[in-house]
Amino acid sequence: MEKIWTSILTDANTQWVLLGTLLLGVASGVLGSFALLRKQSLIGDAVAHAALPGICLAFLFMGEKHMLGLLVGAALTGLLASYSIQFISGHSRLKEDTAIGLVLSVFFGLGIVLLTKVIQSSSGNKSGLDDFIFGQAASMIAKDVQLMAGTAVVLIIVTFFLFKEFKVSTFDPQFAQGIGLPVGFLNFLFSTLLVITVVIGIQAVGVILMSAMLIIPAISARYWTDSLGWMVIISGTVGAISGVIGTLISTLGRSLATGPFIVLTSTTIFLVSILFAPKRGLLAKWWRRKINDWQLAAAKVLMILLEQNKPLPFTKLSEHVRTASWELYFVLKKLERHGWIETKNEAYQLTDEGKAKGEQWQTIERLRVFAEMYPQTLSVKESQLLDQATIETVNEQAVRQMEKKFRQKEAFPYVTKYAYYSKGEGSYEL
C-alpha cells in the first residue's frame, strides 16, 4: 500500500497513466451502455480483435512504433470489421452473432500472422507491440497517455451532446426516423465512436480484454437502475473505478499486464451488483420471493381455519399449507402478533379480527376470478391494486368499490355460478 501511495504522489508517469485509464473507463462505460442496449456489445469484441492487424500493418508501413500511426491503423481495420459485420448480417442469411464470430476469427488470425512477421523482422523498434494483446499501461509514455486521455474526453463530450438523439435512436429507431433524426448517420457515428473507444484502450487493456471494458460496467449498472441517464452515469463510474484500481495493482510488480487487473476489478463490482442490487440483485429477488411465499402461506392458514371453523393443530395445518415446518411456524407467530389467530389447547383458531380478515381475503380471491372474466370492468389502477394485494395490505375501501362494480354487471349471477373456492363446495355470493 505504501508503494502505491508513493507512486501516485511522486511518479508523474503513474499519475498520467491513472488519469488515462480513468477517462478510458468513463468513456468505455458510457458508450458500453448504449452498445448493451443496442445489443452490439460483442461488436466491440470483434473490433478489439480486428485492431491487431491494423497495428501490425501500420508498423510495417511506417517502420517504427509511432503511437498515433498505430492507432490510425487499428481504427481503420476496426471500422472495416464493424462495417463488415453489418454488411454480412444485412445482406446474407447469417445472423449477427455468426457474422461477429466470423469477422473476429479472420481478423485476429490475420493479426497474429502479421505480429509474428513483425517480431521476426529485422526492425529494431518493435519491442512492446505484443503488449497490445494483453495491455501494459505501465509501458505508456506521457504522449501516449495524453493522446488516449484527450480522445476519451472528446468521446465523452460528443456522447453528452448527442445523448437524446442516441437515446431515441436506440429505443425506437422508427420513431426517431419519423421525427426527422438521421438514424443512419447516428448509427454510423455511434459505430465510429465505439471503434475509437476500443482503439484508444487497447494499449492499456489489450485487444483480448478490451471488450470487457465495454460490457461489464454496463451490465453492472443495469442491475442498479431502470433509467438510461443513471445507467450511463453508474456505468462510467464503474469503468473509472475499475481502470484506476486495476492500474494501481499492476504497478505493484514488474511486467504485470494492466488489462487483466482492470477486468478482474470490474468483475468484482459486477458480482457485488448481481448479488446486492436492491431491485434486480439475486438476494433482493430471493427475499421478495420469500416474503411473497409467507404472505400466501398466511392467507392460506386464514382460509383453512375459516373453512374448517374449528381449532386445528400444527400437524393438520402443515398438511394443508405446502411449506417448510419452520416457515409455517414463522407464519403462525406472525399471525398471532397481528391478533388474527390464537392458540387453544395446542391448536390454532381464528380470532374475531382474524375471521374478518379471512372473509376479506375471500372477497379478494372472488374479485380476482371476476377480473379475469371481465377485464374491462376495473380501471388499470384498480387491477394493479387487486393483483398486488396481500393479506397485510388490503385496501378495504377499494375492495368495496370493486365489489360494487361487479354487482352492477347484468351477467353477475352467471359469474358467481363458476366462482368456486379451491376447497369449498357451491358458489360464492357477493
# chains A, B, ... in the order shown; residues from 1 in each chain; ligands from 1

call {"tool": "residues_around", "arguments": {"residues": "Val399 of chain A", "least_positions_apart": "2", "cutoff": "9 Å", "atoms": "only C-alpha atoms", "output": "VMD selection string"}}
result
chain A and resid 360 363 to 364 367 382 386 394 to 397 401 to 404

call {"tool": "residues_around", "arguments": {"residues": "segment 217-232 of chain A", "least_positions_apart": "6", "cutoff": "6 Å", "atoms": "only C-alpha atoms", "output": "ChimeraX atom specification"}}
result
/A:29-30,32-33,238-239,270,273,277,280

call {"tool": "select_by_dssp", "arguments": {"residues": "segment 65-128 of chain A", "states": "alpha helix (DSSP H)", "output": "count of residues only"}}
result
50

call {"tool": "closest_residue", "arguments": {"among": "A:Ala99, A:Ile119, A:Gln40, A:Ala297", "to": "Ser325 of chain A", "atoms": "only C-alpha atoms"}}
result
A:Ala297

call {"tool": "closest_residue", "arguments": {"among": "A:Leu328, A:Val244, A:Ser92, A:Val168", "to": "Gly180 of chain A", "atoms": "only C-alpha atoms"}}
result
A:Val168

call {"tool": "closest_atom_pairs", "arguments": {"of": "segment 212-258 of chain A", "to": "segment 19-28 of chain A", "cutoff": "6 Å", "atoms": "only C-alpha atoms", "output": "tab-separated table"}}
result
residue	atom	partner	partner_atom	distance
A:Met213	CA	A:Ser28	CA	5.9
A:Leu214	CA	A:Ser28	CA	5.1
A:Gly236	CA	A:Val26	CA	4.0
A:Gly239	CA	A:Gly25	CA	3.9
A:Ala240	CA	A:Gly25	CA	4.3
A:Gly243	CA	A:Thr21	CA	5.0
A:Val244	CA	A:Leu22	CA	5.6

call {"tool": "write_last_selection", "arguments": {"atoms": "C-alpha atoms", "output": "compact mmCIF listing (two decimals), in the first residue's frame"}}
result
# COMPACT_ATOMS: atom_id res chain seq x y z
CA MET A 213 -14.41 -2.66 -20.54
CA LEU A 214 -17.49 -2.06 -22.67
CA GLY A 236 -18.99 5.37 -16.35
CA GLY A 239 -15.41 1.87 -15.56
CA ALA A 240 -13.41 4.67 -13.93
CA GLY A 243 -9.44 1.46 -14.53
CA VAL A 244 -7.84 3.18 -11.55

call {"tool": "atom_distance", "arguments": {"atom1": "atom CA of Leu378 of chain A", "atom2": "atom CA of Ile391 of chain A"}}
result
20.6 Å

call {"tool": "residues_around", "arguments": {"residues": "Ala298 of chain A", "least_positions_apart": "5", "cutoff": "10 Å", "atoms": "only C-alpha atoms", "output": "MDAnalysis selection string"}}
result
chainID A and resid 292:293 303 321 328 330:332 334:335 358 390:392

call {"tool": "residues_around", "arguments": {"residues": "Lys357 of chain A", "least_positions_apart": "2", "cutoff": "8 Å", "atoms": "only C-alpha atoms", "output": "list of chain:residue names"}}
result
A:Leu302, A:Trp340, A:Glu353, A:Gly354, A:Lys355, A:Glu359, A:Gln360, A:Trp361, A:Ile391

call {"tool": "write_last_selection", "arguments": {"atoms": "N, CA and C atoms", "output": "mmCIF file, in the first residue's frame"}}
result
data_model
loop_
_atom_site.group_PDB
_atom_site.id
_atom_site.type_symbol
_atom_site.label_atom_id
_atom_site.label_comp_id
_atom_site.auth_asym_id
_atom_site.auth_seq_id
_atom_site.Cartn_x
_atom_site.Cartn_y
_atom_site.Cartn_z
ATOM 1 N N LEU A 302 -55.402 -18.626 7.132
ATOM 2 C CA LEU A 302 -56.664 -17.981 7.489
ATOM 3 C C LEU A 302 -57.842 -18.632 6.763
ATOM 4 N N TRP A 340 -54.704 -12.150 14.666
ATOM 5 C CA TRP A 340 -55.670 -12.811 13.779
ATOM 6 C C TRP A 340 -55.916 -14.260 14.170
ATOM 7 N N GLU A 353 -61.166 -10.780 14.766
ATOM 8 C CA GLU A 353 -60.472 -9.970 13.765
ATOM 9 C C GLU A 353 -59.921 -10.849 12.646
ATOM 10 N N GLY A 354 -59.474 -12.055 13.013
ATOM 11 C CA GLY A 354 -58.969 -12.983 12.007
ATOM 12 C C GLY A 354 -60.056 -13.473 11.073
ATOM 13 N N LYS A 355 -61.275 -13.710 11.621
ATOM 14 C CA LYS A 355 -62.391 -14.112 10.771
ATOM 15 C C LYS A 355 -62.725 -13.024 9.761
ATOM 16 N N GLU A 359 -62.507 -13.452 5.725
ATOM 17 C CA GLU A 359 -63.623 -13.160 4.825
ATOM 18 C C GLU A 359 -63.235 -12.094 3.807
ATOM 19 N N GLN A 360 -62.460 -11.130 4.268
ATOM 20 C CA GLN A 360 -61.983 -10.088 3.354
ATOM 21 C C GLN A 360 -61.095 -10.683 2.265
ATOM 22 N N TRP A 361 -60.243 -11.623 2.653
ATOM 23 C CA TRP A 361 -59.379 -12.253 1.651
ATOM 24 C C TRP A 361 -60.184 -13.137 0.691
ATOM 25 N N ILE A 391 -52.221 -10.161 2.215
ATOM 26 C CA ILE A 391 -53.040 -10.312 3.408
ATOM 27 C C ILE A 391 -52.873 -9.134 4.374
#
